[in-house]
file start-v3.tsv (TSV, C-alpha atoms (C1' of nucleotides))
chain	number	residue	atom	x	y	z
A	326	MET	CA	26.72	-73.32	-12.96
A	327	GLU	CA	26.73	-70.10	-11.10
A	328	ARG	CA	30.04	-69.51	-9.45
A	329	ASN	CA	33.30	-68.53	-10.99
A	330	THR	CA	36.08	-70.77	-9.83
A	331	ARG	CA	39.72	-70.73	-10.73
A	332	GLN	CA	39.28	-74.12	-12.38
A	333	ARG	CA	36.35	-73.12	-14.52
A	334	THR	CA	38.05	-69.97	-15.65
A	335	ALA	CA	41.17	-71.91	-16.61
A	336	ILE	CA	39.14	-74.42	-18.59
A	337	ARG	CA	37.24	-71.70	-20.43
A	338	GLN	CA	40.46	-69.89	-21.21
A	339	ALA	CA	42.24	-73.00	-22.45
A	340	ILE	CA	39.50	-73.62	-24.99
A	341	ALA	CA	39.25	-69.98	-25.98
A	342	ASP	CA	42.99	-69.80	-26.56
A	343	ALA	CA	43.06	-72.87	-28.79
A	344	ALA	CA	42.63	-72.41	-32.50
A	345	ARG	CA	40.95	-75.76	-32.79
A	346	PRO	CA	38.68	-78.20	-30.92
A	347	LEU	CA	40.47	-79.80	-27.98
A	348	LEU	CA	40.30	-83.18	-26.31
A	349	PRO	CA	39.45	-83.36	-22.60
A	350	GLN	CA	43.03	-84.41	-21.91
A	351	GLU	CA	44.39	-81.48	-23.90
A	352	ILE	CA	42.12	-79.17	-21.96
A	353	LEU	CA	43.36	-80.61	-18.69
A	354	GLN	CA	46.96	-80.08	-19.72
A	355	ALA	CA	46.33	-76.60	-21.02
A	356	ALA	CA	44.38	-75.50	-17.98
A	357	GLU	CA	46.40	-77.19	-15.26
A	358	PRO	CA	49.09	-74.45	-15.05
A	359	GLU	CA	46.35	-71.92	-14.32
A	360	ALA	CA	44.63	-74.18	-11.84
A	361	PRO	CA	47.21	-76.44	-10.18
A	362	GLY	CA	45.87	-79.79	-9.10
A	363	LEU	CA	42.98	-79.59	-11.55
A	364	SER	CA	41.41	-83.00	-11.88
A	365	ILE	CA	40.07	-84.65	-15.00
A	366	ALA	CA	36.72	-85.14	-13.27
A	367	THR	CA	36.37	-81.40	-12.90
A	368	VAL	CA	37.24	-80.93	-16.56
A	369	TYR	CA	34.50	-83.34	-17.59
A	370	ARG	CA	32.01	-81.81	-15.18
A	371	ASN	CA	32.68	-78.35	-16.52
A	372	LEU	CA	32.64	-79.40	-20.14
A	373	ARG	CA	29.23	-80.85	-19.63
A	374	MET	CA	27.97	-77.77	-17.81
A	375	LEU	CA	29.37	-75.42	-20.43
A	376	VAL	CA	27.85	-77.46	-23.22
A	377	ASP	CA	24.48	-77.49	-21.47
A	378	ASP	CA	24.84	-73.77	-21.06
A	379	GLY	CA	25.46	-73.38	-24.76
A	380	GLU	CA	28.85	-71.83	-24.18
A	381	LEU	CA	30.66	-74.82	-25.67
A	382	LYS	CA	29.88	-77.32	-28.37
A	383	SER	CA	31.20	-80.86	-28.52
A	384	VAL	CA	32.81	-81.83	-31.79
A	385	LEU	CA	32.21	-85.47	-32.61
A	386	LEU	CA	34.16	-87.10	-35.40
A	387	PRO	CA	33.73	-90.69	-36.53
A	388	GLY	CA	35.57	-93.05	-34.21
A	389	GLU	CA	36.98	-90.21	-32.20
A	390	VAL	CA	36.54	-89.11	-28.64
A	391	ALA	CA	34.62	-85.85	-28.23
A	392	ARG	CA	36.49	-82.60	-28.64
A	393	TYR	CA	35.27	-79.19	-27.53
A	394	GLU	CA	35.14	-75.77	-29.12
A	395	LEU	CA	33.53	-72.43	-28.33
A	396	THR	CA	30.02	-72.08	-29.60
A	397	GLY	CA	30.77	-68.61	-30.90
A	398	ASP	CA	28.04	-67.43	-33.20
A	399	GLY	CA	26.92	-71.02	-33.56
A	400	HIS	CA	26.95	-71.00	-37.33
A	401	HIS	CA	26.82	-74.23	-39.28
A	402	HIS	CA	30.26	-75.56	-40.14
A	403	HIS	CA	32.25	-78.74	-40.49
A	404	HIS	CA	35.64	-80.14	-39.56
A	405	PHE	CA	38.86	-81.31	-41.08
A	406	GLN	CA	41.10	-83.93	-39.49
A	407	CYS	CA	44.74	-84.22	-40.42
A	408	LEU	CA	45.68	-87.79	-41.31
A	409	SER	CA	49.16	-87.11	-40.03
A	410	CYS	CA	48.87	-85.24	-36.74
A	411	GLN	CA	45.24	-86.18	-36.03
A	412	ARG	CA	44.39	-82.65	-35.02
A	413	VAL	CA	41.01	-81.24	-35.95
A	414	PHE	CA	40.29	-77.87	-37.54
A	415	GLU	CA	37.15	-75.98	-38.31
A	416	VAL	CA	36.04	-75.70	-41.92
A	417	GLU	CA	33.77	-72.85	-42.89
A	418	ALA	CA	32.43	-74.31	-46.07
A	419	CYS	CA	29.44	-76.59	-46.43
A	420	PRO	CA	28.19	-78.50	-49.47
A	421	GLY	CA	24.67	-77.23	-48.73
A	422	ASP	CA	21.45	-79.13	-49.10
A	423	LEU	CA	21.98	-82.87	-49.27
A	424	SER	CA	18.40	-84.05	-48.96
A	425	SER	CA	18.52	-85.43	-52.46
A	426	LEU	CA	21.06	-88.03	-51.37
A	427	ALA	CA	18.68	-89.86	-49.06
A	428	PRO	CA	16.80	-92.97	-50.18
A	429	PRO	CA	13.14	-92.57	-51.04
A	430	GLY	CA	10.97	-92.47	-47.94
A	431	PHE	CA	13.73	-90.97	-45.88
A	432	THR	CA	13.73	-87.33	-44.89
A	433	VAL	CA	16.95	-85.46	-44.25
A	434	GLU	CA	17.03	-82.88	-41.49
A	435	ASP	CA	20.72	-82.41	-40.97
A	436	HIS	CA	24.16	-83.68	-41.84
A	437	ASP	CA	27.68	-84.06	-40.56
A	438	LEU	CA	30.72	-83.83	-42.77
A	439	THR	CA	34.35	-84.53	-41.99
A	440	LEU	CA	37.20	-83.92	-44.38
A	441	TYR	CA	40.45	-85.87	-44.10
A	442	GLY	CA	43.83	-84.95	-45.48
A	443	ARG	CA	46.93	-83.03	-44.48
A	444	CYS	CA	46.90	-79.81	-42.55
A	445	ASN	CA	49.13	-76.91	-43.48
A	446	GLU	CA	51.79	-78.03	-41.03
A	447	CYS	CA	51.97	-81.63	-42.21
A	448	ALA	CA	53.53	-82.18	-45.62
A	449	PRO	CA	51.22	-84.10	-48.00
A	450	ALA	CA	54.02	-86.62	-48.33
A	451	GLY	CA	54.88	-87.41	-44.72
A	452	LYS	CA	52.79	-90.49	-44.09
A	453	ALA	CA	53.18	-90.55	-40.36
A	454	LYS	CA	50.89	-92.23	-37.86
A	455	SER	CA	48.05	-91.80	-40.27
A	456	ARG	CA	44.48	-92.84	-39.82
A	457	LYS	CA	43.07	-94.98	-42.55
A	458	PRO	CA	40.86	-93.32	-45.14
A	459	ALA	CA	37.41	-92.69	-43.85
A	460	HIS	CA	35.65	-95.30	-45.95
A	461	ASP	CA	38.27	-97.84	-45.13
A	462	HIS	CA	37.72	-97.77	-41.42
A	463	ALA	CA	40.00	-99.76	-39.23
A	464	ALA	CA	38.53	-102.11	-36.69
A	465	GLY	CA	35.99	-100.70	-34.34
A	466	HIS	CA	37.58	-98.46	-31.82
A	467	SER	CA	35.25	-95.82	-30.71
A	468	HIS	CA	36.38	-97.32	-27.51
A	469	ARG	CA	39.66	-98.52	-28.62
A	470	HIS	CA	40.95	-96.49	-25.75
A	471	ARG	CA	43.48	-94.67	-27.73
B	206	MET	CA	41.61	-116.81	-38.83
B	207	GLU	CA	41.55	-120.18	-40.44
B	208	ARG	CA	39.01	-122.46	-38.91
B	209	ASN	CA	35.29	-122.43	-39.34
B	210	THR	CA	33.54	-122.45	-36.04
B	211	ARG	CA	29.87	-122.42	-35.29
B	212	GLN	CA	30.32	-119.03	-33.62
B	213	ARG	CA	32.11	-117.42	-36.54
B	214	THR	CA	29.56	-118.71	-39.00
B	215	ALA	CA	26.73	-117.37	-36.88
B	216	ILE	CA	28.36	-113.95	-36.63
B	217	ARG	CA	28.97	-113.78	-40.37
B	218	GLN	CA	25.41	-114.82	-41.07
B	219	ALA	CA	23.91	-112.30	-38.65
B	220	ILE	CA	25.65	-109.47	-40.42
B	221	ALA	CA	24.88	-110.79	-43.87
B	222	ASP	CA	21.21	-111.10	-42.99
B	223	ALA	CA	20.93	-107.56	-41.69
B	224	ALA	CA	19.94	-104.83	-44.10
B	225	ARG	CA	21.98	-102.31	-42.19
B	226	PRO	CA	25.16	-101.93	-40.12
B	227	LEU	CA	24.84	-103.62	-36.75
B	228	LEU	CA	26.20	-102.90	-33.31
B	229	PRO	CA	28.28	-105.56	-31.56
B	230	GLN	CA	25.43	-106.12	-29.14
B	231	GLU	CA	22.95	-106.53	-31.98
B	232	ILE	CA	25.28	-109.03	-33.60
B	233	LEU	CA	25.54	-110.96	-30.36
B	234	GLN	CA	21.78	-111.12	-30.05
B	235	ALA	CA	21.27	-112.06	-33.66
B	236	ALA	CA	23.94	-114.75	-33.65
B	237	GLU	CA	23.32	-116.24	-30.22
B	238	PRO	CA	20.42	-118.50	-31.31
B	239	GLU	CA	22.74	-120.10	-33.89
B	240	ALA	CA	25.59	-120.38	-31.44
B	241	PRO	CA	24.20	-120.80	-27.91
B	242	GLY	CA	26.43	-119.42	-25.20
B	243	LEU	CA	28.18	-117.11	-27.63
B	244	SER	CA	30.15	-114.56	-25.69
B	245	ILE	CA	30.59	-110.90	-26.45
B	246	ALA	CA	34.36	-111.36	-26.33
B	247	THR	CA	34.12	-113.79	-29.20
B	248	VAL	CA	31.98	-111.36	-31.13
B	249	TYR	CA	34.58	-108.63	-30.72
B	250	ARG	CA	37.43	-110.97	-31.56
B	251	ASN	CA	35.72	-112.09	-34.73
B	252	LEU	CA	34.68	-108.62	-35.77
B	253	ARG	CA	38.27	-107.54	-35.56
B	254	MET	CA	39.50	-110.58	-37.47
B	255	LEU	CA	36.88	-110.16	-40.18
B	256	VAL	CA	37.67	-106.48	-40.53
B	257	ASP	CA	41.38	-107.23	-40.77
B	258	ASP	CA	40.53	-109.81	-43.36
B	259	GLY	CA	38.61	-107.26	-45.35
B	260	GLU	CA	35.40	-109.22	-45.09
B	261	LEU	CA	33.76	-106.61	-42.89
B	262	LYS	CA	34.00	-102.88	-42.57
B	263	SER	CA	33.39	-100.88	-39.42
B	264	VAL	CA	30.94	-98.04	-39.76
B	265	LEU	CA	31.87	-95.13	-37.54
B	266	LEU	CA	29.40	-92.33	-37.02
B	267	PRO	CA	30.05	-89.22	-34.93
B	268	GLY	CA	29.61	-89.96	-31.26
B	269	GLU	CA	28.49	-93.50	-31.96
B	270	VAL	CA	29.93	-96.85	-31.14
B	271	ALA	CA	31.26	-98.78	-34.16
B	272	ARG	CA	28.79	-100.71	-36.26
B	273	TYR	CA	29.67	-103.39	-38.79
B	274	GLU	CA	28.63	-104.15	-42.34
B	275	LEU	CA	29.78	-106.45	-45.12
B	276	THR	CA	32.50	-105.02	-47.27
B	277	GLY	CA	30.72	-106.19	-50.39
B	278	ASP	CA	32.22	-104.57	-53.43
B	279	GLY	CA	33.74	-101.98	-51.20
B	280	HIS	CA	32.39	-99.03	-53.12
B	281	HIS	CA	32.41	-95.56	-51.64
B	282	HIS	CA	29.20	-94.72	-49.82
B	283	HIS	CA	27.82	-92.90	-46.81
B	284	HIS	CA	25.29	-93.43	-44.04
B	285	PHE	CA	22.02	-92.15	-42.75
B	286	GLN	CA	21.02	-92.25	-39.11
B	287	CYS	CA	17.40	-92.01	-38.07
B	288	LEU	CA	16.87	-89.37	-35.38
B	289	SER	CA	14.01	-91.42	-34.05
B	290	CYS	CA	15.09	-95.05	-33.95
B	291	GLN	CA	18.84	-94.39	-34.12
B	292	ARG	CA	19.32	-97.10	-36.69
B	293	VAL	CA	21.85	-96.60	-39.44
B	294	PHE	CA	21.32	-97.21	-43.16
B	295	GLU	CA	23.59	-97.15	-46.13
B	296	VAL	CA	23.29	-94.30	-48.60
B	297	GLU	CA	24.50	-94.80	-52.12
B	298	ALA	CA	24.88	-91.18	-53.05
B	299	CYS	CA	27.91	-89.00	-52.50
B	300	PRO	CA	28.32	-85.26	-53.01
B	301	GLY	CA	31.57	-85.93	-54.86
B	302	ASP	CA	34.75	-83.93	-54.70
B	303	LEU	CA	34.90	-81.68	-51.68
B	304	SER	CA	38.50	-80.57	-51.86
B	305	SER	CA	37.41	-77.02	-52.52
B	306	LEU	CA	35.95	-76.81	-49.02
B	307	ALA	CA	39.28	-77.09	-47.26
B	308	PRO	CA	41.17	-74.02	-46.05
B	309	PRO	CA	44.18	-72.92	-48.10
B	310	GLY	CA	47.25	-75.01	-47.36
B	311	PHE	CA	45.15	-78.03	-46.49
B	312	THR	CA	44.84	-80.97	-48.85
B	313	VAL	CA	41.76	-83.17	-48.86
B	314	GLU	CA	42.19	-86.89	-49.46
B	315	ASP	CA	38.91	-88.25	-48.27
B	316	HIS	CA	35.67	-87.44	-46.48
B	317	ASP	CA	32.97	-88.87	-44.30
B	318	LEU	CA	29.35	-87.84	-44.52
B	319	THR	CA	26.43	-88.69	-42.29
B	320	LEU	CA	22.85	-87.71	-42.98
B	321	TYR	CA	20.34	-87.35	-40.16
B	322	GLY	CA	16.58	-87.44	-40.39
B	323	ARG	CA	13.72	-89.93	-40.28
B	324	CYS	CA	13.85	-93.34	-41.84
B	325	ASN	CA	10.93	-94.73	-43.79
B	326	GLU	CA	9.57	-96.48	-40.72
B	327	CYS	CA	9.65	-93.45	-38.45
B	328	ALA	CA	7.12	-90.74	-39.17
B	329	PRO	CA	8.75	-87.32	-39.69
B	330	ALA	CA	6.60	-86.08	-36.81
B	331	GLY	CA	7.21	-88.64	-34.09
B	332	LYS	CA	9.95	-86.95	-32.10
B	333	ALA	CA	10.89	-89.92	-30.01
B	334	LYS	CA	14.20	-90.55	-28.27
B	335	SER	CA	15.86	-88.41	-30.88
B	336	ARG	CA	19.49	-87.49	-31.13
B	337	LYS	CA	20.23	-83.81	-31.29
B	338	PRO	CA	20.97	-82.31	-34.69
B	339	ALA	CA	24.46	-83.00	-35.82
B	340	HIS	CA	25.84	-79.51	-35.48
B	341	ASP	CA	24.21	-79.14	-32.13
B	342	HIS	CA	26.11	-81.97	-30.54
B	343	ALA	CA	25.19	-83.09	-27.10
B	344	ALA	CA	27.89	-83.50	-24.51
B	345	GLY	CA	30.77	-85.79	-25.34
B	346	HIS	CA	29.74	-89.35	-25.46
B	347	SER	CA	31.84	-91.39	-27.68
B	348	HIS	CA	31.94	-93.08	-24.39
B	349	ARG	CA	28.70	-91.81	-23.19
B	350	HIS	CA	27.91	-95.39	-22.47
B	351	ARG	CA	24.50	-95.29	-23.98
C	271	DA	C1'	26.72	-69.15	6.36
C	272	DT	C1'	25.17	-71.33	2.50
C	273	DC	C1'	25.38	-73.92	-1.20
C	274	DT	C1'	28.22	-74.73	-5.33
C	275	DT	C1'	32.39	-76.84	-6.81
C	276	DT	C1'	36.36	-79.55	-6.18
C	277	DG	C1'	39.37	-83.78	-5.69
C	278	DC	C1'	39.66	-88.41	-4.91
C	279	DA	C1'	38.34	-92.78	-5.47
C	280	DA	C1'	35.06	-95.98	-6.90
C	281	DA	C1'	31.53	-97.17	-10.39
C	282	DA	C1'	29.89	-97.59	-15.04
C	283	DT	C1'	30.62	-98.72	-20.08
C	284	DG	C1'	32.46	-100.57	-24.00
C	285	DT	C1'	36.29	-103.18	-25.58
C	286	DT	C1'	40.44	-106.07	-25.03
C	287	DT	C1'	43.22	-109.74	-23.16
C	288	DG	C1'	45.17	-113.85	-20.31
C	289	DC	C1'	44.48	-118.43	-19.74
C	290	DA	C1'	42.74	-122.97	-19.40
C	291	DT	C1'	39.85	-125.68	-22.13
C	292	DC	C1'	37.48	-127.02	-26.32
C	293	DC	C1'	37.15	-128.13	-30.99
C	294	DT	C1'	38.33	-127.97	-35.89
C	295	DG	C1'	40.97	-129.73	-39.58
D	1132	DC	C1'	46.39	-134.38	-31.81
D	1133	DA	C1'	48.32	-129.68	-32.65
D	1134	DG	C1'	47.11	-125.11	-32.77
D	1135	DG	C1'	43.51	-121.98	-33.47
D	1136	DA	C1'	39.10	-120.46	-31.17
D	1137	DT	C1'	36.09	-120.02	-27.22
D	1138	DG	C1'	34.32	-118.58	-22.53
D	1139	DC	C1'	35.18	-116.51	-18.43
D	1140	DA	C1'	36.93	-113.15	-15.73
D	1141	DA	C1'	40.12	-109.71	-15.06
D	1142	DA	C1'	42.24	-105.70	-17.24
D	1143	DC	C1'	41.78	-101.23	-19.68
D	1144	DA	C1'	40.56	-96.55	-21.16
D	1145	DT	C1'	37.23	-93.11	-20.92
D	1146	DT	C1'	33.62	-90.84	-18.63
D	1147	DT	C1'	30.52	-90.42	-14.62
D	1148	DT	C1'	29.30	-90.23	-9.80
D	1149	DG	C1'	29.30	-90.34	-4.40
D	1150	DC	C1'	31.03	-87.97	-0.76
D	1151	DA	C1'	33.55	-85.14	2.35
D	1152	DA	C1'	36.27	-81.04	2.25
D	1153	DA	C1'	37.20	-76.51	0.18
D	1154	DG	C1'	35.76	-72.23	-1.76
D	1155	DA	C1'	32.77	-68.49	-3.75
D	1156	DT	C1'	29.31	-65.04	-2.93
call {"tool": "encode", "arguments": {"input": "start-v3.tsv", "output": "structure tokens"}}
result
Amino acid sequence: MERNTRQRTAIRQAIADAARPLLPQEILQAAEPEAPGLSIATVYRNLRMLVDDGELKSVLLPGEVARYELTGDGHHHHHFQCLSCQRVFEVEACPGDLSSLAPPGFTVEDHDLTLYGRCNECAPAGKAKSRKPAHDHAAGHSHRHR
Amino acid sequence: MERNTRQRTAIRQAIADAARPLLPQEILQAAEPEAPGLSIATVYRNLRMLVDDGELKSVLLPGEVARYELTGDGHHHHHFQCLSCQRVFEVEACPGDLSSLAPPGFTVEDHDLTLYGRCNECAPAGKAKSRKPAHDHAAGHSHRHR
DNA sequence: ATCTTTGCAAAATGTTTGCATCCTG
DNA sequence: CAGGATGCAAACATTTTGCAAAGAT
């Protein structure tokens, strides 16, 4: 990744402008106005390059397609997904060391945590197209091709 | 889902016999000897039926394809993935209430937690085909087609 | 001018579905 | 023997890749 193209700039900008991790499709839509004719293949190619470069980080939530956010200072953090609008937000807090939770003989090196609930824009009452509670997973659909 | 077929019995048994959540492919391989000619389509169809029936639960880890485990008593628990062998194990412990971690205006209803490290069979040194640390996600690959 | 990057279309993956047939109850 | 369940292949959604054309330095 060495040259600066209109497409790459638009993709970078789209992610930088978002206040939350975006889906490849959202990135395409956000960047397309800046780079007319932008193709999804180019979005994927650039996402991969930017992640390899350390400029971006992919945000993987259980059963969800990868989203992307700026690496920023790269500090440890987690994510929150709204059960109503499905959008994902960064969460600064972290429960800390969880090595005591592992079974004997197992060593913990890292962890991933996702919180589920309602974001500030979605009323805690409005049970819209909600995802099922995390430990009540619906049928397998990592590839359910949402 | 009303009839008892050789295939369905084999699938149920394969999952019951496993000490950990299995991938659809692992289920196919484990059940095939009991039900020769078993097709992957049948595995998927039954997994979905059994999940809908509440007999099974899908285990979704970040960036991973769905795995399946028995619902059992359906108690709240989490999972551990070995960075060396990639296998997933159940973890009884839970950090408890995490609602304080959410940003103001957000309400937490549930959470998902995944621990990463080495299982009892994989030496903490053997850095085999390991997954990257959780907050250092590799490029998107919910569909990375392992 | 060179060599990266793009767009398009085709391939690869994991999962789902249509349909004729098979088998359970 | 009726209707659910299976196997096969085709369909799907998402992501990747081959290749010729376009573009950046």
call {"tool": "calpha_fit_and_write", "arguments": {"input": "start-v3.tsv", "fixed": "chain B", "moving": "chain A", "output": "compact mmCIF listing (two decimals) with C-alpha atoms, keeping the file's coordinate frame"}}
result
# COMPACT_ATOMS: atom_id res chain seq x y z
CA MET A 326 41.53 -116.78 -39.00
CA GLU A 327 41.58 -120.15 -40.58
CA ARG A 328 39.01 -122.39 -39.03
CA ASN A 329 35.30 -122.35 -39.44
CA THR A 330 33.56 -122.44 -36.11
CA ARG A 331 29.90 -122.42 -35.32
CA GLN A 332 30.35 -119.04 -33.65
CA ARG A 333 32.11 -117.42 -36.56
CA THR A 334 29.57 -118.70 -39.01
CA ALA A 335 26.73 -117.36 -36.88
CA ILE A 336 28.36 -113.95 -36.63
CA ARG A 337 28.96 -113.77 -40.37
CA GLN A 338 25.39 -114.81 -41.06
CA ALA A 339 23.90 -112.32 -38.62
CA ILE A 340 25.64 -109.46 -40.39
CA ALA A 341 24.85 -110.79 -43.84
CA ASP A 342 21.18 -111.12 -42.96
CA ALA A 343 20.90 -107.56 -41.67
CA ALA A 344 19.91 -104.84 -44.07
CA ARG A 345 21.97 -102.33 -42.18
CA PRO A 346 25.16 -101.94 -40.11
CA LEU A 347 24.84 -103.63 -36.73
CA LEU A 348 26.21 -102.92 -33.28
CA PRO A 349 28.32 -105.57 -31.55
CA GLN A 350 25.47 -106.14 -29.11
CA GLU A 351 22.98 -106.55 -31.95
CA ILE A 352 25.32 -109.03 -33.57
CA LEU A 353 25.59 -110.98 -30.34
CA GLN A 354 21.83 -111.13 -30.01
CA ALA A 355 21.31 -112.05 -33.63
CA ALA A 356 23.96 -114.74 -33.63
CA GLU A 357 23.37 -116.25 -30.20
CA PRO A 358 20.47 -118.52 -31.30
CA GLU A 359 22.77 -120.09 -33.88
CA ALA A 360 25.64 -120.39 -31.45
CA PRO A 361 24.27 -120.83 -27.92
CA GLY A 362 26.50 -119.45 -25.21
CA LEU A 363 28.25 -117.12 -27.63
CA SER A 364 30.21 -114.56 -25.68
CA ILE A 365 30.65 -110.89 -26.44
CA ALA A 366 34.42 -111.36 -26.36
CA THR A 367 34.19 -113.80 -29.23
CA VAL A 368 32.02 -111.35 -31.16
CA TYR A 369 34.62 -108.62 -30.75
CA ARG A 370 37.47 -110.97 -31.60
CA ASN A 371 35.74 -112.09 -34.77
CA LEU A 372 34.71 -108.61 -35.80
CA ARG A 373 38.28 -107.54 -35.60
CA MET A 374 39.51 -110.56 -37.54
CA LEU A 375 36.87 -110.15 -40.23
CA VAL A 376 37.67 -106.47 -40.58
CA ASP A 377 41.38 -107.22 -40.85
CA ASP A 378 40.51 -109.81 -43.44
CA GLY A 379 38.57 -107.24 -45.41
CA GLU A 380 35.37 -109.23 -45.14
CA LEU A 381 33.74 -106.62 -42.91
CA LYS A 382 33.97 -102.88 -42.60
CA SER A 383 33.36 -100.90 -39.43
CA VAL A 384 30.92 -98.05 -39.77
CA LEU A 385 31.85 -95.15 -37.54
CA LEU A 386 29.39 -92.34 -37.00
CA PRO A 387 30.05 -89.25 -34.91
CA GLY A 388 29.61 -90.02 -31.22
CA GLU A 389 28.49 -93.53 -31.93
CA VAL A 390 29.94 -96.90 -31.14
CA ALA A 391 31.24 -98.80 -34.16
CA ARG A 392 28.78 -100.74 -36.27
CA TYR A 393 29.66 -103.41 -38.81
CA GLU A 394 28.59 -104.16 -42.35
CA LEU A 395 29.73 -106.46 -45.13
CA THR A 396 32.45 -105.03 -47.29
CA GLY A 397 30.66 -106.20 -50.41
CA ASP A 398 32.15 -104.60 -53.47
CA GLY A 399 33.71 -101.99 -51.23
CA HIS A 400 32.36 -99.04 -53.16
CA HIS A 401 32.39 -95.58 -51.66
CA HIS A 402 29.18 -94.74 -49.85
CA HIS A 403 27.81 -92.94 -46.83
CA HIS A 404 25.28 -93.46 -44.06
CA PHE A 405 22.01 -92.15 -42.78
CA GLN A 406 21.00 -92.26 -39.13
CA CYS A 407 17.38 -92.02 -38.09
CA LEU A 408 16.86 -89.37 -35.41
CA SER A 409 13.99 -91.41 -34.07
CA CYS A 410 15.07 -95.05 -33.96
CA GLN A 411 18.82 -94.40 -34.14
CA ARG A 412 19.30 -97.12 -36.70
CA VAL A 413 21.82 -96.62 -39.47
CA PHE A 414 21.30 -97.23 -43.18
CA GLU A 415 23.57 -97.17 -46.16
CA VAL A 416 23.27 -94.30 -48.61
CA GLU A 417 24.49 -94.81 -52.14
CA ALA A 418 24.88 -91.21 -53.09
CA CYS A 419 27.92 -89.04 -52.53
CA PRO A 420 28.35 -85.29 -53.02
CA GLY A 421 31.61 -85.99 -54.88
CA ASP A 422 34.79 -83.99 -54.71
CA LEU A 423 34.93 -81.74 -51.68
CA SER A 424 38.55 -80.64 -51.85
CA SER A 425 37.46 -77.10 -52.51
CA LEU A 426 35.99 -76.87 -49.02
CA ALA A 427 39.33 -77.18 -47.25
CA PRO A 428 41.23 -74.12 -46.04
CA PRO A 429 44.22 -73.02 -48.08
CA GLY A 430 47.28 -75.12 -47.34
CA PHE A 431 45.19 -78.12 -46.50
CA THR A 432 44.86 -81.05 -48.85
CA VAL A 433 41.79 -83.25 -48.86
CA GLU A 434 42.20 -86.95 -49.45
CA ASP A 435 38.91 -88.31 -48.25
CA HIS A 436 35.68 -87.50 -46.49
CA ASP A 437 32.97 -88.91 -44.30
CA LEU A 438 29.36 -87.86 -44.53
CA THR A 439 26.43 -88.72 -42.31
CA LEU A 440 22.86 -87.72 -43.00
CA TYR A 441 20.34 -87.37 -40.18
CA GLY A 442 16.58 -87.44 -40.42
CA ARG A 443 13.73 -89.92 -40.32
CA CYS A 444 13.84 -93.34 -41.88
CA ASN A 445 10.93 -94.73 -43.84
CA GLU A 446 9.55 -96.47 -40.78
CA CYS A 447 9.64 -93.45 -38.49
CA ALA A 448 7.11 -90.73 -39.25
CA PRO A 449 8.75 -87.30 -39.77
CA ALA A 450 6.53 -86.06 -36.97
CA GLY A 451 7.15 -88.58 -34.21
CA LYS A 452 9.86 -86.88 -32.20
CA ALA A 453 10.82 -89.85 -30.12
CA LYS A 454 14.11 -90.40 -28.33
CA SER A 455 15.79 -88.25 -30.90
CA ARG A 456 19.42 -87.34 -31.11
CA LYS A 457 20.15 -83.68 -31.32
CA PRO A 458 20.97 -82.22 -34.72
CA ALA A 459 24.47 -82.99 -35.77
CA HIS A 460 25.84 -79.47 -35.41
CA ASP A 461 24.19 -79.09 -32.08
CA HIS A 462 25.98 -81.95 -30.44
CA ALA A 463 25.02 -82.90 -26.96
CA ALA A 464 27.69 -83.24 -24.33
CA GLY A 465 30.59 -85.47 -25.14
CA HIS A 466 29.60 -89.06 -25.05
CA SER A 467 31.64 -91.07 -27.38
CA HIS A 468 32.00 -92.90 -24.17
CA ARG A 469 28.82 -91.91 -22.64
CA HIS A 470 28.26 -95.60 -22.32
CA ARG A 471 24.91 -95.58 -23.86
call {"tool": "interface_residues", "arguments": {"input": "start-v3.tsv", "of": "chain C", "to": "chain B", "cutoff": "12 Å", "atoms": "all atoms listed in the file", "output": "PyMOL selection string"}}
result
chain C and resi 282-287+292-295
call {"tool": "atom_distance", "arguments": {"input": "start-v3.tsv", "atom1": "atom CA of Pro308 of chain B", "atom2": "atom CA of His282 of chain B"}}
result
24.2 Å
call {"tool": "interface_residues", "arguments": {"input": "start-v3.tsv", "of": "chain A", "to": "chain B", "cutoff": "8 Å", "atoms": "only C-alpha atoms", "output": "PyMOL selection string"}}
result
chain A and resi 372-373+376-377+382-392+401-402+405+416-420+423+426-445+449+458-468
call {"tool": "atom_distance", "arguments": {"input": "start-v3.tsv", "atom1": "atom CA of Ser289 of chain B", "atom2": "atom CA of Arg225 of chain B"}}
result
15.8 Å
call {"tool": "residues_near_point", "arguments": {"input": "start-v3.tsv", "point": "(26.7, -78.9, -5.2)", "cutoff": "12 Å", "atoms": "only C-alpha atoms (C1' of nucleotides)", "output": "JSON, numbers by chain"}}
result
{"A": [326, 327, 328, 370], "C": [272, 273, 274, 275, 276], "D": [1149, 1150, 1151, 1154]}
call {"tool": "closest_atom_pairs", "arguments": {"input": "start-v3.tsv", "of": "chain D", "to": "chain B", "cutoff": "9 Å", "atoms": "only C-alpha atoms (C1' of nucleotides)", "output": "tab-separated table"}}
result
residue	atom	partner	partner_atom	distance
D:DG1135	C1'	B:Arg208	CA	7.1
D:DA1136	C1'	B:Thr210	CA	7.7
D:DT1137	C1'	B:Thr247	CA	6.8
D:DG1138	C1'	B:Ser244	CA	6.6
D:DT1145	C1'	B:His348	CA	6.3
D:DT1146	C1'	B:His348	CA	6.4
D:DT1147	C1'	B:Arg349	CA	8.9
call {"tool": "write_last_selection", "arguments": {"input": "start-v3.tsv", "atoms": "C-alpha atoms (C1' of nucleotides)", "output": "short mmCIF file (atom, residue, chain, number, x, y, z; two decimals), keeping the file's coordinate frame"}}
result
data_model
loop_
_atom_site.label_atom_id
_atom_site.label_comp_id
_atom_site.auth_asym_id
_atom_site.auth_seq_id
_atom_site.Cartn_x
_atom_site.Cartn_y
_atom_site.Cartn_z
"C1'" DG D 1135 43.51 -121.98 -33.47
"C1'" DA D 1136 39.10 -120.46 -31.17
"C1'" DT D 1137 36.09 -120.02 -27.22
"C1'" DG D 1138 34.32 -118.58 -22.53
"C1'" DT D 1145 37.23 -93.11 -20.92
"C1'" DT D 1146 33.62 -90.84 -18.63
"C1'" DT D 1147 30.52 -90.42 -14.62
#
